[in-house]
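Worksheet: one structure, shown below.
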Amino acid sequence: MKILITNDDGIRSPVLTALADALHREHEVLVAAPATDQSGMSQAFTHGLEKRLAFKADSASPYPKYEVLGTPCDCVKFAVAHLFKATEIDLVLSGINLGENAGMSAVYSGTVAAAREGAMWGIPSIAVSVWKNAPDRLGHAVDWLLRLLRKPALLPQRSRDGRTVGLWNVNFPPCAPGEIAGTSVTSMSTVMFRDSYEAIRTEHGLTEFRLLGYKPEADFREGTDDWALAHGRISITPLQVGQSDGAEAARVAAFQADWGSL
Ligand code: MN
């Protein structure tokens, strides 16, 4: 398979290299990743006549590897529309992110947004995140992905009419690999963070604020990604690019006469 790898932790993330090196043994690997940590950038991208995108090739890499001075979305866009324009990419793999991207985290995540960008280009895409930075967990996630890629029927697909494309958000739970309770195909949790700001006095006498947030575990619903992770399970959440709310559309469409009179 021809696999485009990107992330939001930046090209110097040791996880990115470990993943790309491992996949390179069995697949055609292409890498385009941000020059700096772009966590929490969601799908921000660089555009406008005055804004430019710079990039640098790693000539020592055994596979094409580009550092892009931009966001994760920029990396996928630039890779598909320019760097690897002549290549038919089979899969976009975004990650492996250090930190969970389940539920509402997926909205803020640059890792998930890069996969969403891939899906928007019609390429099946997977975002992968692990809870914490522990070497055994990362090795396990890389091996898991290698085994998954050997089973093409399991992977996210393009529909026959080309209208829809598979987009997955995969998260590994906080436990050690040997303690993982199983794998669940889940829905996206909508439990919001309990956010608060901690005031910090700087050495210059200024007050600055740091965001502290957590998700209240008691609110997690069974069947969601947040719940699966809290129960030691690997979570696979298929996502859709379209965000339409059919029920709300039906409710407001009933006011047809009113819309015409505004
Ligand atoms: Mn990140």
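Residues in the structure tokens are numbered from 1 in each chain, the chains being A, B, ... in the order shown, and ligands are numbered from 1 in the order shown.
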
Quiz item: Could you name the residues that touch stretch 222-236 of chain A at 7 Å or less, counting only C-alpha atoms, but leaving out those on the same chain fewer than 4 positions away, as a list of chain:residue names?
Solution: A:Ala102, A:Gly103, A:Trp168, A:Asn169, A:Val170, A:Asn171, A:Phe172, A:Pro173, A:Pro174, A:Cys175, A:Ile180, A:Ala181, A:Gly182, A:Thr183, A:Ser184, A:Val185, A:Thr186, A:Ser187, A:Met188, A:Ser189

What are the nearest atom pairs, with distances in Å to one decimal, for all residues of chain A that come at most 10 Å from ligand 1, using only C-alpha atoms and all ligand atoms, set out by chain and rising residue number as a tab-separated table?
residue	atom	partner	partner_atom_place_in_ligand_line	distance
A:Asn7	CA	ligand 1	1 (Mn)	7.2
A:Asp8	CA	ligand 1	1 (Mn)	4.8
A:Asp9	CA	ligand 1	1 (Mn)	4.3
A:Gly10	CA	ligand 1	1 (Mn)	8.0
A:Ser13	CA	ligand 1	1 (Mn)	9.6
A:Asp37	CA	ligand 1	1 (Mn)	7.0
A:Gln38	CA	ligand 1	1 (Mn)	6.6
A:Ser39	CA	ligand 1	1 (Mn)	3.9
A:Gly40	CA	ligand 1	1 (Mn)	6.8
A:Met41	CA	ligand 1	1 (Mn)	9.0
A:Pro72	CA	ligand 1	1 (Mn)	9.9
A:Gly95	CA	ligand 1	1 (Mn)	8.0
A:Ile96	CA	ligand 1	1 (Mn)	8.4
A:Asn97	CA	ligand 1	1 (Mn)	5.0
A:Leu98	CA	ligand 1	1 (Mn)	5.8
A:Gly99	CA	ligand 1	1 (Mn)	6.6
A:Glu100	CA	ligand 1	1 (Mn)	8.7
A:Asn101	CA	ligand 1	1 (Mn)	8.7
A:Ser109	CA	ligand 1	1 (Mn)	7.0
A:Gly110	CA	ligand 1	1 (Mn)	6.7
A:Thr111	CA	ligand 1	1 (Mn)	6.3
A:Val112	CA	ligand 1	1 (Mn)	9.5
A:Ser129	CA	ligand 1	1 (Mn)	8.4

Serialized selection, all heavy atoms, as a short mmCIF file (atom, residue, chain, number, x, y, z; two decimals), in the first residue's frame:
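Saved file out-v4.cif follows:
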data_model
loop_
_atom_site.label_atom_id
_atom_site.label_comp_id
_atom_site.auth_asym_id
_atom_site.auth_seq_id
_atom_site.Cartn_x
_atom_site.Cartn_y
_atom_site.Cartn_z
N ASN A 7 1.37 13.72 11.28
CA ASN A 7 1.00 13.76 12.70
C ASN A 7 0.76 15.21 13.11
O ASN A 7 0.81 16.11 12.25
CB ASN A 7 2.08 13.09 13.57
CG ASN A 7 3.35 13.94 13.70
OD1 ASN A 7 3.47 15.00 13.09
ND2 ASN A 7 4.30 13.47 14.49
N ASP A 8 0.48 15.43 14.39
CA ASP A 8 0.41 16.82 14.85
C ASP A 8 1.47 17.12 15.91
O ASP A 8 1.64 18.26 16.31
CB ASP A 8 -1.00 17.23 15.30
CG ASP A 8 -1.38 16.74 16.70
OD1 ASP A 8 -0.58 16.03 17.34
OD2 ASP A 8 -2.50 17.07 17.15
N ASP A 9 2.18 16.08 16.36
CA ASP A 9 3.23 16.30 17.36
C ASP A 9 4.52 16.82 16.73
O ASP A 9 5.43 17.24 17.43
CB ASP A 9 3.52 15.00 18.12
CG ASP A 9 2.34 14.58 19.01
OD1 ASP A 9 1.50 15.44 19.32
OD2 ASP A 9 2.27 13.40 19.37
N GLY A 10 4.59 16.77 15.40
CA GLY A 10 5.75 17.30 14.70
C GLY A 10 6.67 16.22 14.18
O GLY A 10 6.66 15.08 14.67
N SER A 13 8.90 13.97 16.38
CA SER A 13 8.33 12.99 17.30
C SER A 13 8.97 11.62 17.03
O SER A 13 8.93 11.13 15.91
CB SER A 13 6.82 12.89 17.10
OG SER A 13 6.35 11.69 17.70
N ASP A 37 5.40 21.24 16.94
CA ASP A 37 4.23 20.64 17.60
C ASP A 37 2.98 21.44 17.24
O ASP A 37 2.89 22.64 17.53
CB ASP A 37 4.46 20.64 19.11
CG ASP A 37 3.31 19.95 19.86
OD1 ASP A 37 2.35 19.49 19.22
OD2 ASP A 37 3.40 19.89 21.10
N GLN A 38 2.03 20.79 16.61
CA GLN A 38 0.79 21.44 16.17
C GLN A 38 -0.43 20.83 16.87
O GLN A 38 -1.54 20.87 16.32
CB GLN A 38 0.65 21.29 14.65
CG GLN A 38 1.77 21.93 13.86
CD GLN A 38 1.66 23.45 13.87
OE1 GLN A 38 0.62 24.00 13.58
NE2 GLN A 38 2.75 24.12 14.21
N SER A 39 -0.22 20.27 18.05
CA SER A 39 -1.33 19.66 18.80
C SER A 39 -2.40 20.71 19.09
O SER A 39 -2.09 21.85 19.43
CB SER A 39 -0.82 19.07 20.11
OG SER A 39 0.09 18.02 19.85
N GLY A 40 -3.65 20.33 18.95
CA GLY A 40 -4.75 21.23 19.26
C GLY A 40 -5.04 22.25 18.17
O GLY A 40 -5.83 23.17 18.38
N MET A 41 -4.44 22.09 17.00
CA MET A 41 -4.66 23.04 15.90
C MET A 41 -5.86 22.68 15.06
O MET A 41 -6.21 23.42 14.14
CB MET A 41 -3.42 23.11 15.00
CG MET A 41 -2.21 23.73 15.67
SD MET A 41 -2.50 25.45 16.10
CE MET A 41 -2.26 26.23 14.51
N PRO A 72 -1.00 20.29 10.56
CA PRO A 72 -1.24 18.93 10.05
C PRO A 72 -2.09 18.94 8.77
O PRO A 72 -1.81 18.20 7.82
CB PRO A 72 -1.98 18.25 11.20
CG PRO A 72 -1.52 18.98 12.42
CD PRO A 72 -1.34 20.40 11.99
N GLY A 95 -0.58 10.15 13.00
CA GLY A 95 -0.17 9.75 14.35
C GLY A 95 1.21 9.08 14.30
O GLY A 95 1.90 9.19 13.31
N ILE A 96 1.51 8.39 15.30
CA ILE A 96 0.70 8.06 16.47
C ILE A 96 0.80 9.21 17.47
O ILE A 96 1.91 9.58 17.86
CB ILE A 96 1.19 6.74 17.12
CG1 ILE A 96 1.04 5.60 16.10
CG2 ILE A 96 0.42 6.46 18.40
CD1 ILE A 96 1.72 4.31 16.57
N ASN A 97 -0.36 9.76 17.85
CA ASN A 97 -0.34 10.90 18.76
C ASN A 97 -0.09 10.46 20.20
O ASN A 97 -0.63 9.44 20.65
CB ASN A 97 -1.68 11.64 18.68
CG ASN A 97 -1.65 12.93 19.48
OD1 ASN A 97 -0.92 13.85 19.12
ND2 ASN A 97 -2.41 12.99 20.56
N LEU A 98 0.69 11.26 20.90
CA LEU A 98 0.91 10.99 22.32
C LEU A 98 -0.15 11.75 23.11
O LEU A 98 -0.05 12.96 23.31
CB LEU A 98 2.31 11.44 22.74
CG LEU A 98 3.45 10.70 22.03
CD1 LEU A 98 4.80 11.18 22.55
CD2 LEU A 98 3.31 9.20 22.23
N GLY A 99 -1.19 11.06 23.50
CA GLY A 99 -2.33 11.66 24.18
C GLY A 99 -3.60 11.21 23.49
O GLY A 99 -3.63 11.08 22.27
N GLU A 100 -4.64 10.96 24.29
CA GLU A 100 -5.89 10.45 23.72
C GLU A 100 -6.58 11.51 22.86
O GLU A 100 -6.45 12.70 23.13
CB GLU A 100 -6.83 9.97 24.84
CG GLU A 100 -7.24 11.05 25.84
CD GLU A 100 -8.52 11.78 25.48
OE1 GLU A 100 -9.23 11.32 24.57
OE2 GLU A 100 -8.81 12.81 26.11
N ASN A 101 -7.28 11.05 21.86
CA ASN A 101 -8.08 11.93 21.01
C ASN A 101 -9.50 11.39 20.86
O ASN A 101 -10.06 11.39 19.77
CB ASN A 101 -7.42 12.08 19.64
CG ASN A 101 -6.35 13.15 19.64
OD1 ASN A 101 -6.53 14.22 20.21
ND2 ASN A 101 -5.22 12.86 19.03
N SER A 109 -8.35 18.12 17.95
CA SER A 109 -7.12 17.43 17.58
C SER A 109 -6.61 17.72 16.17
O SER A 109 -7.35 17.62 15.19
CB SER A 109 -7.38 15.91 17.70
OG SER A 109 -6.36 15.20 17.05
N GLY A 110 -5.34 18.04 16.07
CA GLY A 110 -4.69 18.15 14.76
C GLY A 110 -4.49 16.79 14.14
O GLY A 110 -4.51 16.64 12.92
N THR A 111 -4.31 15.77 14.97
CA THR A 111 -4.13 14.39 14.50
C THR A 111 -5.38 13.92 13.75
O THR A 111 -5.30 13.42 12.62
CB THR A 111 -3.88 13.45 15.70
OG1 THR A 111 -2.77 13.94 16.45
CG2 THR A 111 -3.61 12.03 15.25
N VAL A 112 -6.54 14.11 14.38
CA VAL A 112 -7.79 13.67 13.76
C VAL A 112 -8.10 14.56 12.54
O VAL A 112 -8.57 14.06 11.51
CB VAL A 112 -8.96 13.71 14.78
CG1 VAL A 112 -10.28 13.35 14.12
CG2 VAL A 112 -8.66 12.74 15.93
N SER A 129 -4.07 7.40 18.19
CA SER A 129 -3.55 8.06 19.38
C SER A 129 -3.39 7.05 20.51
O SER A 129 -4.20 6.13 20.64
CB SER A 129 -4.53 9.16 19.85
OG SER A 129 -4.80 10.06 18.80
#

Practice problem: Enumerate the residues of stretch 34-79 of chain A with a DSSP assignment of helix (DSSP H, G or I), computed from the backbone, and present them as a list in words. | Solution: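 For stretch 34-79 of chain A, the helix (DSSP H, G or I) set is Pro72, Cys73, Asp74, Cys75, Val76, Lys77, Phe78 and Ala79 of chain A.
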
Quiz item: atom CA of A:Ala33 and atom CA of A:Lys56 are how many Å apart?
Solution: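 For atom CA of A:Ala33 relative to atom CA of A:Lys56, the distance reads 10.4 Å.
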
Self-check item: Backbone DSSP call of strand (DSSP E or B) for stretch 167-252 of chain A, listed as an NGL selection string
Solution: :A and (167-172 or 182-185 or 187 or 194-201 or 207-214 or 224 or 233-239)

Print the selection's residues with N, CA, C and O atoms to a file, as a short mmCIF file (atom, residue, chain, number, x, y, z; two decimals), in the first residue's frame.
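part-v5.cif written:
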data_model
loop_
_atom_site.label_atom_id
_atom_site.label_comp_id
_atom_site.auth_asym_id
_atom_site.auth_seq_id
_atom_site.Cartn_x
_atom_site.Cartn_y
_atom_site.Cartn_z
N LEU A 167 -13.26 6.99 7.45
CA LEU A 167 -12.42 7.84 8.30
C LEU A 167 -12.53 7.30 9.71
O LEU A 167 -13.63 7.27 10.27
N TRP A 168 -11.42 6.86 10.25
CA TRP A 168 -11.44 6.25 11.58
C TRP A 168 -10.63 7.07 12.57
O TRP A 168 -9.56 7.58 12.25
N ASN A 169 -11.15 7.10 13.78
CA ASN A 169 -10.38 7.65 14.89
C ASN A 169 -10.09 6.51 15.86
O ASN A 169 -11.00 5.99 16.51
N VAL A 170 -8.83 6.09 15.91
CA VAL A 170 -8.43 4.95 16.74
C VAL A 170 -7.69 5.45 17.98
O VAL A 170 -6.78 6.28 17.88
N ASN A 171 -8.11 4.97 19.14
CA ASN A 171 -7.44 5.34 20.39
C ASN A 171 -7.09 4.10 21.19
O ASN A 171 -7.89 3.18 21.30
N PHE A 172 -5.89 4.13 21.77
CA PHE A 172 -5.45 3.05 22.65
C PHE A 172 -5.64 3.47 24.11
O PHE A 172 -5.39 4.62 24.46
N GLY A 182 -9.78 -5.55 25.16
CA GLY A 182 -10.38 -5.90 23.87
C GLY A 182 -10.46 -4.69 22.98
O GLY A 182 -9.87 -3.65 23.27
N THR A 183 -11.20 -4.86 21.88
CA THR A 183 -11.34 -3.78 20.90
C THR A 183 -12.83 -3.51 20.69
O THR A 183 -13.61 -4.44 20.52
N SER A 184 -13.22 -2.24 20.71
CA SER A 184 -14.62 -1.87 20.50
C SER A 184 -14.75 -0.90 19.33
O SER A 184 -13.96 0.04 19.22
N VAL A 185 -15.74 -1.16 18.48
CA VAL A 185 -16.12 -0.17 17.48
C VAL A 185 -17.14 0.73 18.16
O VAL A 185 -18.16 0.25 18.67
N SER A 187 -19.02 4.87 19.05
CA SER A 187 -19.46 6.16 18.54
C SER A 187 -18.69 7.25 19.27
O SER A 187 -18.08 7.00 20.32
N ARG A 194 -14.46 19.51 31.53
CA ARG A 194 -14.64 20.47 32.62
C ARG A 194 -13.40 21.34 32.58
O ARG A 194 -12.35 20.96 33.11
N ASP A 195 -13.51 22.47 31.91
CA ASP A 195 -12.36 23.36 31.75
C ASP A 195 -12.30 24.40 32.86
O ASP A 195 -13.33 24.92 33.30
N SER A 196 -11.10 24.71 33.27
CA SER A 196 -10.90 25.82 34.20
C SER A 196 -9.54 26.44 33.90
O SER A 196 -8.71 25.82 33.22
N TYR A 197 -9.36 27.65 34.38
CA TYR A 197 -8.09 28.35 34.13
C TYR A 197 -7.38 28.64 35.44
O TYR A 197 -7.98 29.18 36.38
N GLU A 198 -6.14 28.25 35.47
CA GLU A 198 -5.32 28.48 36.66
C GLU A 198 -4.50 29.75 36.44
O GLU A 198 -3.82 29.89 35.41
N ALA A 199 -4.57 30.66 37.41
CA ALA A 199 -3.81 31.91 37.31
C ALA A 199 -2.36 31.65 37.72
O ALA A 199 -2.10 30.98 38.72
N ILE A 200 -1.44 32.17 36.93
CA ILE A 200 -0.02 32.02 37.23
C ILE A 200 0.63 33.40 37.19
O ILE A 200 0.45 34.15 36.23
N ARG A 201 1.34 33.74 38.28
CA ARG A 201 2.09 35.01 38.32
C ARG A 201 3.43 34.78 37.66
O ARG A 201 4.18 33.87 38.02
N THR A 207 -0.08 38.42 35.35
CA THR A 207 -0.91 37.24 35.61
C THR A 207 -1.26 36.60 34.27
O THR A 207 -1.81 37.26 33.38
N GLU A 208 -0.92 35.34 34.14
CA GLU A 208 -1.26 34.59 32.94
C GLU A 208 -2.11 33.39 33.34
O GLU A 208 -2.16 33.04 34.52
N PHE A 209 -2.75 32.80 32.34
CA PHE A 209 -3.69 31.71 32.66
C PHE A 209 -3.36 30.45 31.90
O PHE A 209 -3.01 30.49 30.72
N ARG A 210 -3.47 29.34 32.61
CA ARG A 210 -3.21 28.03 32.02
C ARG A 210 -4.50 27.22 32.07
O ARG A 210 -5.16 27.16 33.11
N LEU A 211 -4.82 26.61 30.92
CA LEU A 211 -6.04 25.81 30.82
C LEU A 211 -5.84 24.44 31.46
O LEU A 211 -4.89 23.72 31.13
N LEU A 212 -6.73 24.11 32.38
CA LEU A 212 -6.73 22.77 32.99
C LEU A 212 -8.08 22.15 32.66
O LEU A 212 -9.12 22.74 32.97
N GLY A 213 -8.09 21.02 32.04
CA GLY A 213 -9.37 20.40 31.68
C GLY A 213 -9.34 18.90 31.87
O GLY A 213 -8.28 18.28 31.77
N TYR A 214 -10.48 18.35 32.18
CA TYR A 214 -10.60 16.89 32.27
C TYR A 214 -12.01 16.51 31.86
O TYR A 214 -12.93 17.35 31.90
N THR A 224 -19.47 4.46 23.65
CA THR A 224 -18.70 5.59 23.11
C THR A 224 -17.20 5.33 23.27
O THR A 224 -16.77 4.44 24.02
N ARG A 233 -10.25 -0.61 26.73
CA ARG A 233 -10.43 -1.18 25.40
C ARG A 233 -9.86 -0.26 24.32
O ARG A 233 -9.91 0.96 24.46
N ILE A 234 -9.34 -0.87 23.25
CA ILE A 234 -8.95 -0.10 22.06
C ILE A 234 -10.26 0.36 21.41
O ILE A 234 -11.20 -0.42 21.28
N SER A 235 -10.32 1.63 21.04
CA SER A 235 -11.53 2.18 20.44
C SER A 235 -11.31 2.53 18.96
O SER A 235 -10.36 3.24 18.63
N ILE A 236 -12.20 2.01 18.11
CA ILE A 236 -12.21 2.39 16.70
C ILE A 236 -13.51 3.14 16.46
O ILE A 236 -14.60 2.57 16.58
N THR A 237 -13.42 4.43 16.16
CA THR A 237 -14.61 5.25 15.93
C THR A 237 -14.66 5.69 14.47
O THR A 237 -13.90 6.57 14.07
N PRO A 238 -15.54 5.07 13.66
CA PRO A 238 -15.70 5.58 12.30
C PRO A 238 -16.41 6.93 12.34
O PRO A 238 -17.42 7.08 13.04
N LEU A 239 -15.87 7.91 11.64
CA LEU A 239 -16.42 9.27 11.64
C LEU A 239 -16.93 9.63 10.25
O LEU A 239 -16.53 9.02 9.26
#

Self-check item: atom CA of A:Gln157 to atom CA of A:Asp143, straight-line distance in Å
Solution: 21.1 Å

Self-check item: Nearest to A:Phe193, chosen from A:Ser105, A:Thr17, A:Thr6, A:Ser94, with only C-alpha atoms counted in the distances
Solution: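 That would be A:Ser105, the residue with the smallest distance to A:Phe193.
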
Self-check item: Nearest residue to A:Met120 from the set A:Cys73, A:Ala35, A:Ala20, A:Ala250 (distances using only C-alpha atoms)
Solution: A:Cys73

Quiz item: Suppose you want the space between atom CA of A:Val31 and atom CA of A:Tyr63; what is it in Å?
Solution: 7.7 Å

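Within 12 Å of A:Asp58, once only C-alpha atoms are used and residues closer than 3 positions along the same chain are dropped, the contacting residues are Ile11, Arg12, Leu30, Val31, Ala32, Ala33, Ala35, Phe55, Ser61, Pro62, Tyr63, Pro64, Lys65, Tyr66, Glu67 and Val68 of chain A.
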
Next, write the just-selected residues to a file, as a short mmCIF file (atom, residue, chain, number, x, y, z; two decimals), in the first residue's frame, keeping N, CA, C and O atoms as the atom set.
data_model
loop_
_atom_site.label_atom_id
_atom_site.label_comp_id
_atom_site.auth_asym_id
_atom_site.auth_seq_id
_atom_site.Cartn_x
_atom_site.Cartn_y
_atom_site.Cartn_z
N ILE A 11 7.46 16.56 13.18
CA ILE A 11 8.29 15.57 12.47
C ILE A 11 9.36 14.97 13.36
O ILE A 11 9.84 13.87 13.12
N ARG A 12 9.72 15.68 14.44
CA ARG A 12 10.76 15.16 15.33
C ARG A 12 10.20 14.21 16.39
O ARG A 12 10.95 13.67 17.20
N LEU A 30 5.24 7.42 2.58
CA LEU A 30 5.50 8.82 2.27
C LEU A 30 5.23 9.60 3.55
O LEU A 30 4.21 9.38 4.19
N VAL A 31 6.13 10.50 3.91
CA VAL A 31 5.93 11.26 5.14
C VAL A 31 5.92 12.76 4.85
O VAL A 31 6.80 13.27 4.15
N ALA A 32 4.91 13.43 5.37
CA ALA A 32 4.88 14.90 5.37
C ALA A 32 4.32 15.30 6.72
O ALA A 32 3.17 15.01 7.03
N ALA A 33 5.14 15.92 7.53
CA ALA A 33 4.72 16.22 8.91
C ALA A 33 5.14 17.64 9.28
O ALA A 33 6.10 18.19 8.72
N ALA A 35 6.74 20.91 11.04
CA ALA A 35 8.07 21.17 11.59
C ALA A 35 8.02 21.30 13.11
O ALA A 35 9.00 21.00 13.79
N PHE A 55 8.86 24.19 3.03
CA PHE A 55 9.08 22.80 3.39
C PHE A 55 10.53 22.42 3.13
O PHE A 55 11.26 23.12 2.43
N SER A 61 16.61 10.21 4.49
CA SER A 61 15.56 9.23 4.77
C SER A 61 15.45 8.19 3.64
O SER A 61 15.56 8.53 2.47
N PRO A 62 15.23 6.92 3.99
CA PRO A 62 15.08 5.88 2.96
C PRO A 62 13.75 5.96 2.21
O PRO A 62 13.56 5.26 1.22
N TYR A 63 12.84 6.78 2.69
CA TYR A 63 11.57 7.00 2.01
C TYR A 63 11.34 8.51 1.94
O TYR A 63 11.95 9.27 2.70
N PRO A 64 10.49 8.97 1.01
CA PRO A 64 10.27 10.42 0.91
C PRO A 64 9.77 10.99 2.23
O PRO A 64 8.79 10.50 2.78
N LYS A 65 10.45 12.00 2.74
CA LYS A 65 10.10 12.56 4.05
C LYS A 65 10.25 14.07 3.99
O LYS A 65 11.34 14.58 3.71
N TYR A 66 9.16 14.76 4.24
CA TYR A 66 9.15 16.21 4.15
C TYR A 66 8.68 16.85 5.45
O TYR A 66 7.69 16.42 6.04
N GLU A 67 9.41 17.89 5.82
CA GLU A 67 9.05 18.69 6.98
C GLU A 67 8.35 19.94 6.45
O GLU A 67 8.91 20.64 5.61
N VAL A 68 7.13 20.16 6.88
CA VAL A 68 6.35 21.29 6.37
C VAL A 68 6.16 22.32 7.47
O VAL A 68 5.77 21.98 8.59
#

Skip A:Ala119 itself and residues of its chain fewer than 5 positions away, then list as a PDB file with C-alpha atoms, in the first residue's frame all residues within 8 Å of it, counting only C-alpha atoms.
ATOM      1  CA  PRO A 124      -9.396   6.374   3.393  1.00  0.00           C
ATOM      2  CA  SER A 125      -7.794   7.751   6.548  1.00  0.00           C
ATOM      3  CA  VAL A 165     -14.768   7.343   2.308  1.00  0.00           C
ATOM      4  CA  GLY A 166     -13.820   5.639   5.546  1.00  0.00           C
ATOM      5  CA  LEU A 167     -12.418   7.838   8.298  1.00  0.00           C
ATOM      6  CA  VAL A 241     -16.990  14.364   7.277  1.00  0.00           C
TER       7      VAL A 241
END

Quiz item: Of the residues A:Ala22, A:Phe78, A:Asp161, A:Leu16, which is the one nearest to A:Trp144, using only C-alpha atoms?
Solution: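 Among the listed residues, A:Ala22 lies closest to A:Trp144.
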
Self-check item: Nearby residues (only C-alpha atoms) at most 12 Å from A:Glu88, same-chain spacing under 5 positions excluded, as a list of chain:residue names
Solution: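 Neighbouring residues, sequence-local ones excluded: A:Met1, A:Lys2, A:Ile3, A:Leu4, A:Glu28, A:Leu30, A:Ala79, A:Val80, A:Ala81, A:Leu83, A:Trp121, A:Gly122, A:Ile123, A:Pro124.
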
Quiz item: For A:Asp21, which residue out of A:Val142, A:Ala113, A:His47, A:Glu203 is the nearest one, using only C-alpha atoms?
Solution: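 Of A:Val142, A:Ala113, A:His47, A:Glu203, the one nearest A:Asp21, counting only C-alpha atoms, is A:Val142.
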